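K.L.:
You'll find protein_1.pdb just under this line, and it carries PDB, C-alpha atoms.
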ATOM      1  CA  MET A   6      88.253  68.916 103.555
ATOM      2  CA  THR A   7      91.363  70.292 101.930
ATOM      3  CA  GLY A   8      93.502  67.384 103.127
ATOM      4  CA  HIS A   9      91.581  65.089 100.790
ATOM      5  CA  TRP A  10      93.427  66.730  97.878
ATOM      6  CA  LEU A  11      96.324  64.494  98.884
ATOM      7  CA  LEU A  12      94.280  61.585  97.515
ATOM      8  CA  ARG A  13      94.219  63.146  94.019
ATOM      9  CA  ARG A  14      97.647  61.886  93.073
ATOM     10  CA  ALA A  15      97.135  62.422  89.334
ATOM     11  CA  GLN A  16      96.740  66.175  89.947
ATOM     12  CA  ALA A  17      99.966  66.609  91.918
ATOM     13  CA  ALA A  18     102.646  68.718  90.224
ATOM     14  CA  ARG A  19     106.302  69.162  91.186
ATOM     15  CA  GLY A  20     106.051  72.861  90.278
ATOM     16  CA  ARG A  21     103.482  73.304  93.035
ATOM     17  CA  THR A  22     105.184  71.145  95.645
ATOM     18  CA  TRP A  23     107.237  73.020  98.208
ATOM     19  CA  THR A  24     109.392  72.005 101.132
ATOM     20  CA  GLU A  25     109.803  75.580 102.403
ATOM     21  CA  VAL A  26     106.916  77.578 103.872
ATOM     22  CA  GLU A  27     108.130  80.836 102.325
ATOM     23  CA  ALA A  28     107.919  79.400  98.791
ATOM     24  CA  ALA A  29     104.291  78.365  99.380
ATOM     25  CA  VAL A  30     103.439  81.777 100.871
ATOM     26  CA  THR A  31     105.061  83.499  97.877
ATOM     27  CA  TRP A  32     102.831  81.421  95.564
ATOM     28  CA  LEU A  33      99.738  82.478  97.542
ATOM     29  CA  GLU A  34     100.807  86.146  97.446
ATOM     30  CA  LYS A  35     101.429  86.015  93.677
ATOM     31  CA  ASN A  36      98.021  84.499  92.984
ATOM     32  CA  HIS A  37      96.421  87.111  95.236
ATOM     33  CA  ALA A  38      98.222  89.934  93.382
ATOM     34  CA  ASP A  39      97.279  88.465  89.991
ATOM     35  CA  ASN A  40      93.618  88.112  91.059
ATOM     36  CA  PRO A  41      92.872  90.936  93.523
ATOM     37  CA  PRO A  42      89.708  90.847  95.601
ATOM     38  CA  LYS A  43      86.737  93.031  94.791
ATOM     39  CA  ALA A  44      86.606  96.302  96.717
ATOM     40  CA  ARG A  45      83.401  97.456  98.340
ATOM     41  CA  ASP A  46      81.378 100.173  96.619
ATOM     42  CA  ASP A  47      82.303 102.614  99.393
ATOM     43  CA  GLY A  48      86.020 101.950  98.793
ATOM     44  CA  GLY A  49      86.515  99.907 101.951
ATOM     45  CA  ARG A  50      88.127  96.495 102.057
ATOM     46  CA  SER A  51      85.829  93.548 101.555
ATOM     47  CA  TYR A  52      88.268  91.038 102.994
ATOM     48  CA  VAL A  53      91.102  90.722 105.484
ATOM     49  CA  GLY A  54      94.296  92.216 104.074
ATOM     50  CA  VAL A  55      96.998  90.125 102.456
ATOM     51  CA  GLU A  56      99.368  90.976 105.329
ATOM     52  CA  THR A  57      97.043  89.227 107.791
ATOM     53  CA  LYS A  58      96.602  86.281 105.424
ATOM     54  CA  THR A  59     100.352  85.788 104.971
ATOM     55  CA  ALA A  60     100.990  86.061 108.720
ATOM     56  CA  TYR A  61      98.431  83.317 109.306
ATOM     57  CA  ALA A  62      99.929  81.142 106.532
ATOM     58  CA  ARG A  63     103.437  81.504 107.987
ATOM     59  CA  ASP A  64     102.076  80.386 111.361
ATOM     60  CA  ALA A  65      99.792  77.546 110.222
ATOM     61  CA  LEU A  66     101.783  75.808 107.473
ATOM     62  CA  PRO A  67     104.768  74.742 109.619
ATOM     63  CA  ARG A  68     102.275  73.074 111.971
ATOM     64  CA  GLY A  69     100.779  70.961 109.140
ATOM     65  CA  VAL A  70      97.605  73.042 108.875
ATOM     66  CA  ASP A  71      96.273  73.766 105.376
ATOM     67  CA  VAL A  72      95.711  77.333 104.201
ATOM     68  CA  THR A  73      92.961  78.426 101.800
ATOM     69  CA  TRP A  74      92.400  81.936 100.502
ATOM     70  CA  GLY A  75      89.014  82.479  98.878
ATOM     71  CA  TYR A  76      87.256  85.667  97.793
ATOM     72  CA  TRP A  77      85.277  87.318  94.998
ATOM     73  CA  THR A  78      87.188  89.260  92.347
ATOM     74  CA  ALA A  79      86.139  92.488  90.611
ATOM     75  CA  SER A  80      85.016  90.447  87.575
ATOM     76  CA  GLY A  81      82.592  88.484  89.750
ATOM     77  CA  SER A  82      84.649  85.293  89.726
ATOM     78  CA  MET A  83      85.487  83.333  92.832
ATOM     79  CA  ALA A  84      89.227  83.058  93.471
ATOM     80  CA  SER A  85      90.341  80.178  95.663
ATOM     81  CA  PHE A  86      93.925  79.126  96.344
ATOM     82  CA  SER A  87      94.957  76.387  98.760
ATOM     83  CA  VAL A  88      98.191  75.013 100.135
ATOM     84  CA  VAL A  89      97.676  71.500 101.482
ATOM     85  CA  CYS A  90     100.269  70.240 103.936
ATOM     86  CA  CYS A  91     101.852  66.855 103.785
ATOM     87  CA  PRO A  92     102.215  65.335 106.202
ATOM     88  CA  ASN A  93      98.860  66.775 107.125
ATOM     89  CA  ARG A  94      97.948  67.420 110.741
ATOM     90  CA  HIS A  95      94.316  66.427 110.202
ATOM     91  CA  HIS A  96      95.023  63.505 107.826
ATOM     92  CA  PRO A  97      98.207  62.000 109.292
ATOM     93  CA  HIS A  98      97.787  58.615 107.599
ATOM     94  CA  THR A  99      97.302  59.963 104.074
ATOM     95  CA  PRO A 100     100.585  59.637 102.169
ATOM     96  CA  CYS A 101     102.076  62.553 100.257
ATOM     97  CA  PRO A 102     101.456  62.337  96.488
ATOM     98  CA  LEU A 103     104.906  63.815  95.785
ATOM     99  CA  PRO A 104     107.095  63.348  98.835
ATOM    100  CA  PRO A 105     110.036  65.743  99.136
ATOM    101  CA  SER A 106     113.187  64.453  97.474
TER
END
Re-express the file's structure as structure tokens.
P.N.:
Amino acid sequence: MTGHWLLRRAQAARGRTWTEVEAAVTWLEKNHADNPPKARDDGGRSYVGVETKTAYARDALPRGVDVTWGYWTASGSMASFSVVCCPNRHHPHTPCPLPPS
């Protein structure tokens, strides 16, 4: 469960801690652009488009719902990027490792 990442306090980083949804979505979009998903052999899309992913992220994050984007890249690697909310809707009693200042 992605919310359990909040328990890994030693791995928290201020540079990846956001108080604004748009900053977190921008980080997801940048990682997606830097690591594009593999296209199908027939040229079609293998995955939902980034526009759909960002629309979902903009809807879910303000409600305390984590967002994970995962897919295979052209090199055969698995790309996985997550934004874990804190406070977290599904783990409301887990404290934030780096609370907003």
K.L.:
For segment 26-35 of chain A, please output as a list in words all residues within 8 Å (counting all atoms listed in the file; exclusion window: fewer than 2 positions along the same chain).
P.N.:
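Once the adjacent positions are removed, what remains is Trp23, Thr24, His37, Ala38, Asp39, Val55, Thr59, Ala62, Arg63, Leu66, Pro67, Trp74, Phe86, Ser87 and Val88 of chain A.
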K.L.:
On this structure, which residues satisfy the PyMOL selection byres ((chain A and resi 9) around 12), written as JSON, numbers by chain?
P.N.:
{"A": [6, 7, 8, 10, 11, 12, 13, 14, 71, 87, 88, 89, 90, 91, 92, 93, 95, 96, 97, 98, 99, 100, 101, 102]}
K.L.:
Grab the atom CA of Thr22 of chain A to atom CA of Leu103 of chain A distance for me, in Å with one decimal place.
P.N.:
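Atom CA of Leu103 of chain A lies at a distance of 7.3 Å from atom CA of Thr22 of chain A.
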K.L.:
What gap, in Å, lies between atom CA of Arg19 of chain A and atom CA of Pro42 of chain A?
P.N.:
27.7 Å
K.L.:
Work out how far apart atom CA of Tyr76 of chain A and atom CA of Ala44 of chain A are and give it in Å to one decimal.
P.N.:
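Atom CA of Ala44 of chain A lies at a distance of 10.7 Å from atom CA of Tyr76 of chain A.
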K.L.:
Measuring atom to atom with only C-alpha atoms, identify which of A:Gly20, A:Val53, A:Pro41, A:Asn36 is nearest to Trp77 of chain A.
P.N.:
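Checking each of A:Gly20, A:Val53, A:Pro41, A:Asn36 against Trp77 of chain A, counting only C-alpha atoms, the winner is A:Pro41.
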